[in-house]
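Have a look at query15.cif below; it lists mmCIF, N, CA and C atoms.
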data_my_file
#
loop_
_atom_site.label_atom_id
_atom_site.label_comp_id
_atom_site.auth_asym_id
_atom_site.auth_seq_id
_atom_site.Cartn_x
_atom_site.Cartn_y
_atom_site.Cartn_z
N MET A 5 0.86 -1.17 0.00
CA MET A 5 0.00 0.00 0.00
C MET A 5 0.90 1.22 0.00
N THR A 6 0.75 2.08 -0.97
CA THR A 6 1.57 3.28 -1.03
C THR A 6 0.86 4.47 -0.40
N SER A 7 -0.43 4.41 -0.28
CA SER A 7 -1.22 5.42 0.42
C SER A 7 -2.53 4.74 0.80
N PRO A 8 -3.33 5.34 1.69
CA PRO A 8 -4.57 4.68 2.08
C PRO A 8 -5.49 4.33 0.90
N ALA A 9 -5.38 5.03 -0.20
CA ALA A 9 -6.27 4.77 -1.33
C ALA A 9 -5.59 3.99 -2.45
N ASN A 10 -4.30 3.65 -2.31
CA ASN A 10 -3.58 3.02 -3.40
C ASN A 10 -2.92 1.72 -2.93
N ILE A 11 -3.59 0.59 -3.18
CA ILE A 11 -3.02 -0.71 -2.83
C ILE A 11 -2.20 -1.18 -4.03
N THR A 12 -0.98 -1.64 -3.78
CA THR A 12 -0.07 -2.05 -4.83
C THR A 12 0.49 -3.43 -4.56
N THR A 13 0.99 -4.09 -5.59
CA THR A 13 1.69 -5.36 -5.43
C THR A 13 3.18 -5.22 -5.71
N ASP A 14 3.64 -4.00 -5.91
CA ASP A 14 5.05 -3.73 -6.17
C ASP A 14 5.84 -3.76 -4.87
N PRO A 15 6.74 -4.75 -4.67
CA PRO A 15 7.47 -4.86 -3.42
C PRO A 15 8.27 -3.61 -3.06
N ALA A 16 8.88 -2.97 -4.06
CA ALA A 16 9.69 -1.77 -3.79
C ALA A 16 8.81 -0.63 -3.27
N ALA A 17 7.63 -0.46 -3.85
CA ALA A 17 6.72 0.59 -3.39
C ALA A 17 6.20 0.31 -1.99
N ILE A 18 5.94 -0.96 -1.69
CA ILE A 18 5.46 -1.33 -0.35
C ILE A 18 6.55 -1.06 0.68
N GLU A 19 7.79 -1.46 0.36
CA GLU A 19 8.90 -1.24 1.29
C GLU A 19 9.16 0.25 1.50
N ALA A 20 9.07 1.02 0.44
CA ALA A 20 9.31 2.46 0.54
C ALA A 20 8.24 3.16 1.38
N SER A 21 6.99 2.66 1.33
CA SER A 21 5.91 3.31 2.06
C SER A 21 5.80 2.86 3.51
N ASN A 22 6.44 1.72 3.86
CA ASN A 22 6.32 1.14 5.21
C ASN A 22 4.87 0.86 5.58
N ARG A 23 4.05 0.47 4.60
CA ARG A 23 2.63 0.22 4.85
C ARG A 23 2.21 -1.14 4.29
N ALA A 24 2.78 -2.19 4.78
CA ALA A 24 2.39 -3.53 4.31
C ALA A 24 1.03 -3.90 4.91
N LEU A 25 0.20 -4.52 4.12
CA LEU A 25 -1.09 -5.00 4.61
C LEU A 25 -0.89 -6.34 5.31
N PRO A 26 -1.63 -6.62 6.37
CA PRO A 26 -1.55 -7.94 6.97
C PRO A 26 -2.11 -8.98 5.99
N ILE A 27 -1.59 -10.17 6.06
CA ILE A 27 -2.07 -11.25 5.19
C ILE A 27 -3.48 -11.61 5.61
N GLY A 28 -4.38 -11.75 4.66
CA GLY A 28 -5.74 -12.17 4.96
C GLY A 28 -6.68 -11.03 5.28
N TYR A 29 -6.30 -9.79 5.01
CA TYR A 29 -7.11 -8.62 5.28
C TYR A 29 -7.57 -8.62 6.74
N TRP A 30 -8.88 -8.56 7.03
CA TRP A 30 -9.33 -8.40 8.41
C TRP A 30 -9.02 -9.63 9.25
N LYS A 31 -9.07 -10.83 8.69
CA LYS A 31 -8.71 -12.02 9.47
C LYS A 31 -7.23 -11.98 9.82
N GLY A 32 -6.41 -11.63 8.85
CA GLY A 32 -4.97 -11.54 9.10
C GLY A 32 -4.65 -10.42 10.07
N ALA A 33 -5.39 -9.33 10.01
CA ALA A 33 -5.16 -8.21 10.92
C ALA A 33 -5.47 -8.65 12.35
N GLY A 34 -6.55 -9.37 12.53
CA GLY A 34 -6.92 -9.86 13.87
C GLY A 34 -5.89 -10.84 14.40
N LEU A 35 -5.45 -11.76 13.56
CA LEU A 35 -4.43 -12.73 13.98
C LEU A 35 -3.12 -12.01 14.28
N SER A 36 -2.76 -11.05 13.46
CA SER A 36 -1.55 -10.28 13.67
C SER A 36 -1.59 -9.54 15.01
N LEU A 37 -2.73 -8.92 15.31
CA LEU A 37 -2.89 -8.20 16.57
C LEU A 37 -2.80 -9.16 17.76
N ALA A 38 -3.48 -10.30 17.66
CA ALA A 38 -3.46 -11.27 18.76
C ALA A 38 -2.06 -11.80 19.00
N LEU A 39 -1.33 -12.14 17.92
CA LEU A 39 0.02 -12.65 18.09
C LEU A 39 0.98 -11.59 18.60
N ASP A 40 0.80 -10.34 18.18
CA ASP A 40 1.63 -9.25 18.66
C ASP A 40 1.42 -9.05 20.16
N MET A 41 0.17 -9.05 20.59
CA MET A 41 -0.12 -8.89 22.03
C MET A 41 0.42 -10.07 22.82
N LEU A 42 0.24 -11.29 22.31
CA LEU A 42 0.73 -12.48 23.00
C LEU A 42 2.25 -12.44 23.13
N ALA A 43 2.93 -12.10 22.04
CA ALA A 43 4.40 -12.04 22.08
C ALA A 43 4.88 -10.99 23.06
N ALA A 44 4.27 -9.82 23.05
CA ALA A 44 4.69 -8.75 23.97
C ALA A 44 4.44 -9.14 25.42
N MET A 45 3.30 -9.76 25.70
CA MET A 45 2.99 -10.13 27.08
C MET A 45 3.87 -11.27 27.59
N LEU A 46 4.09 -12.30 26.75
CA LEU A 46 4.88 -13.44 27.19
C LEU A 46 6.37 -13.14 27.30
N SER A 47 6.87 -12.30 26.40
CA SER A 47 8.32 -12.03 26.39
C SER A 47 8.71 -10.81 27.21
N GLY A 48 7.74 -9.95 27.51
CA GLY A 48 8.07 -8.72 28.21
C GLY A 48 8.75 -7.71 27.30
N GLY A 49 8.69 -7.95 26.00
CA GLY A 49 9.31 -7.05 25.04
C GLY A 49 8.33 -6.00 24.55
N LEU A 50 8.69 -5.34 23.47
CA LEU A 50 7.88 -4.26 22.92
C LEU A 50 6.83 -4.81 21.96
N ALA A 51 5.66 -4.21 21.98
CA ALA A 51 4.65 -4.49 20.97
C ALA A 51 5.04 -3.74 19.69
N THR A 52 4.44 -4.12 18.58
CA THR A 52 4.81 -3.53 17.29
C THR A 52 4.73 -2.02 17.30
N HIS A 53 3.69 -1.46 17.89
CA HIS A 53 3.54 0.00 17.86
C HIS A 53 4.56 0.71 18.74
N ASP A 54 5.25 -0.02 19.62
CA ASP A 54 6.26 0.58 20.49
C ASP A 54 7.66 0.59 19.87
N ILE A 55 7.85 -0.14 18.78
CA ILE A 55 9.17 -0.24 18.16
C ILE A 55 9.44 1.03 17.36
N PRO A 56 10.58 1.68 17.57
CA PRO A 56 10.85 2.91 16.83
C PRO A 56 11.00 2.65 15.33
N ARG A 57 10.66 3.66 14.52
CA ARG A 57 10.76 3.52 13.06
C ARG A 57 12.21 3.47 12.59
N ALA A 58 13.13 4.04 13.34
CA ALA A 58 14.54 4.02 12.96
C ALA A 58 15.08 2.62 13.21
N SER A 59 15.38 1.90 12.13
CA SER A 59 15.78 0.50 12.27
C SER A 59 17.08 0.32 13.05
N LEU A 60 17.92 1.33 13.09
CA LEU A 60 19.16 1.22 13.85
C LEU A 60 18.92 1.30 15.35
N ARG A 61 17.77 1.83 15.77
CA ARG A 61 17.44 1.93 17.19
C ARG A 61 16.50 0.81 17.63
N GLU A 62 16.23 -0.13 16.76
CA GLU A 62 15.29 -1.21 17.06
C GLU A 62 15.89 -2.17 18.07
N SER A 63 15.30 -2.24 19.25
CA SER A 63 15.74 -3.18 20.28
C SER A 63 14.56 -3.52 21.17
N GLY A 64 14.67 -4.60 21.89
CA GLY A 64 13.58 -5.02 22.77
C GLY A 64 12.41 -5.61 22.01
N VAL A 65 12.67 -6.11 20.80
CA VAL A 65 11.61 -6.67 19.98
C VAL A 65 11.12 -7.97 20.60
N SER A 66 9.82 -8.16 20.66
CA SER A 66 9.24 -9.37 21.24
C SER A 66 9.39 -10.55 20.30
N GLN A 67 9.85 -11.67 20.84
CA GLN A 67 9.94 -12.90 20.07
C GLN A 67 9.46 -14.04 20.93
N VAL A 68 8.57 -14.83 20.37
CA VAL A 68 8.05 -16.00 21.06
C VAL A 68 8.09 -17.16 20.08
N PHE A 69 8.57 -18.30 20.51
CA PHE A 69 8.62 -19.49 19.67
C PHE A 69 7.67 -20.51 20.28
N LEU A 70 6.74 -21.00 19.48
CA LEU A 70 5.77 -21.99 19.95
C LEU A 70 6.16 -23.37 19.45
N ALA A 71 6.07 -24.35 20.31
CA ALA A 71 6.29 -25.74 19.93
C ALA A 71 5.03 -26.51 20.29
N ILE A 72 4.44 -27.15 19.32
CA ILE A 72 3.19 -27.88 19.53
C ILE A 72 3.45 -29.37 19.31
N ASP A 73 3.06 -30.17 20.28
CA ASP A 73 3.18 -31.62 20.17
C ASP A 73 1.90 -32.15 19.53
N PRO A 74 1.97 -32.61 18.28
CA PRO A 74 0.75 -33.05 17.60
C PRO A 74 0.31 -34.47 17.96
N THR A 75 1.11 -35.22 18.71
CA THR A 75 0.76 -36.62 18.98
C THR A 75 -0.55 -36.83 19.72
N PRO A 76 -1.05 -35.89 20.53
CA PRO A 76 -2.37 -36.13 21.12
C PRO A 76 -3.51 -36.13 20.08
N PHE A 77 -3.26 -35.58 18.90
CA PHE A 77 -4.30 -35.48 17.89
C PHE A 77 -4.35 -36.69 16.96
N ASP A 78 -3.23 -37.39 16.81
CA ASP A 78 -3.16 -38.53 15.90
C ASP A 78 -1.93 -39.35 16.27
N ASP A 79 -1.90 -40.60 15.82
CA ASP A 79 -0.72 -41.42 16.09
C ASP A 79 0.43 -40.98 15.18
N PRO A 80 1.67 -41.28 15.56
CA PRO A 80 2.81 -40.82 14.77
C PRO A 80 2.77 -41.26 13.30
N ALA A 81 2.31 -42.47 13.03
CA ALA A 81 2.24 -42.94 11.63
C ALA A 81 1.24 -42.09 10.83
N GLY A 82 0.12 -41.75 11.44
CA GLY A 82 -0.87 -40.90 10.77
C GLY A 82 -0.32 -39.50 10.51
N LEU A 83 0.43 -38.96 11.46
CA LEU A 83 1.04 -37.64 11.30
C LEU A 83 2.09 -37.66 10.19
N ASP A 84 2.87 -38.74 10.14
CA ASP A 84 3.86 -38.87 9.06
C ASP A 84 3.18 -38.93 7.70
N ALA A 85 2.06 -39.65 7.62
CA ALA A 85 1.32 -39.73 6.35
C ALA A 85 0.80 -38.37 5.92
N ILE A 86 0.31 -37.58 6.87
CA ILE A 86 -0.18 -36.23 6.57
C ILE A 86 0.98 -35.35 6.09
N ALA A 87 2.11 -35.41 6.79
CA ALA A 87 3.27 -34.60 6.42
C ALA A 87 3.78 -34.99 5.04
N TYR A 88 3.83 -36.30 4.76
CA TYR A 88 4.30 -36.75 3.47
C TYR A 88 3.35 -36.30 2.36
N ALA A 89 2.05 -36.46 2.57
CA ALA A 89 1.06 -36.06 1.56
C ALA A 89 1.09 -34.55 1.30
N SER A 90 1.38 -33.78 2.35
CA SER A 90 1.42 -32.32 2.21
C SER A 90 2.68 -31.85 1.49
N SER A 91 3.74 -32.65 1.54
CA SER A 91 5.01 -32.20 0.97
C SER A 91 5.27 -32.72 -0.44
N THR A 92 4.40 -33.58 -0.94
CA THR A 92 4.59 -34.10 -2.29
C THR A 92 3.56 -33.49 -3.23
N PRO A 93 3.98 -33.17 -4.45
CA PRO A 93 3.05 -32.55 -5.40
C PRO A 93 1.97 -33.49 -5.93
#

Entire entry expressed as structure tokens:
Amino acid sequence: MTSPANITTDPAAIEASNRALPIGYWKGAGLSLALDMLAAMLSGGLATHDIPRASLRESGVSQVFLAIDPTPFDDPAGLDAIAYASSTP
């Protein structure tokens, strides 16, 4: 997005404007907001709106890594079959 009224797909214009749209429009915006709040609360770091625009002064960025154990949802052989089917064309 280069301005509120001009949505673009040109990566250079998006980077120059610093106005990337969240993926998925309103659904992506909601997920983005929820993950930003979760990361800031769990890590004690800065939320996105608190990070300075000057990239050289960027510090205290929130980072959270999630690890999910899928074995309660299916047996390991079933999970392997899903992973294999998803990774082959």

Long-range neighbours of range 50-55 of chain A as a PyMOL selection string, 6.5 Å cut-off, only N, CA and C atoms, 4 positions minimum in chain: chain A and resi 40-41+44+62+64-66

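Our summary of the geometry notes that CA of Gly49 in chain A is positioned 7.7 Å from CA of Gln67 in chain A.
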
Expressed in Å to a single decimal, how great is the separation between atom C of Leu37 in chain A and atom C of Thr75 in chain A? 27.8 Å

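Between CA of Pro56 in chain A and CA of Arg23 in chain A the separation is 14.8 Å.
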
Quick one: DSSP strand (DSSP E or B) residues in chain A, as an NGL selection string? :A and (7 or 10 or 50 or 65)

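Of the residues listed (A:Val68, A:Ser21, A:Ser90, A:Gly82), A:Val68 shows the shortest atom-to-atom separation from Leu46 in chain A; distances use all atoms listed in the file.
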
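You can rank A:Asn22, A:Pro74, A:Ser47, A:Leu60 by their closest distance to Ile86 in chain A using only C-alpha atoms, and at the top of that list sits A:Pro74.
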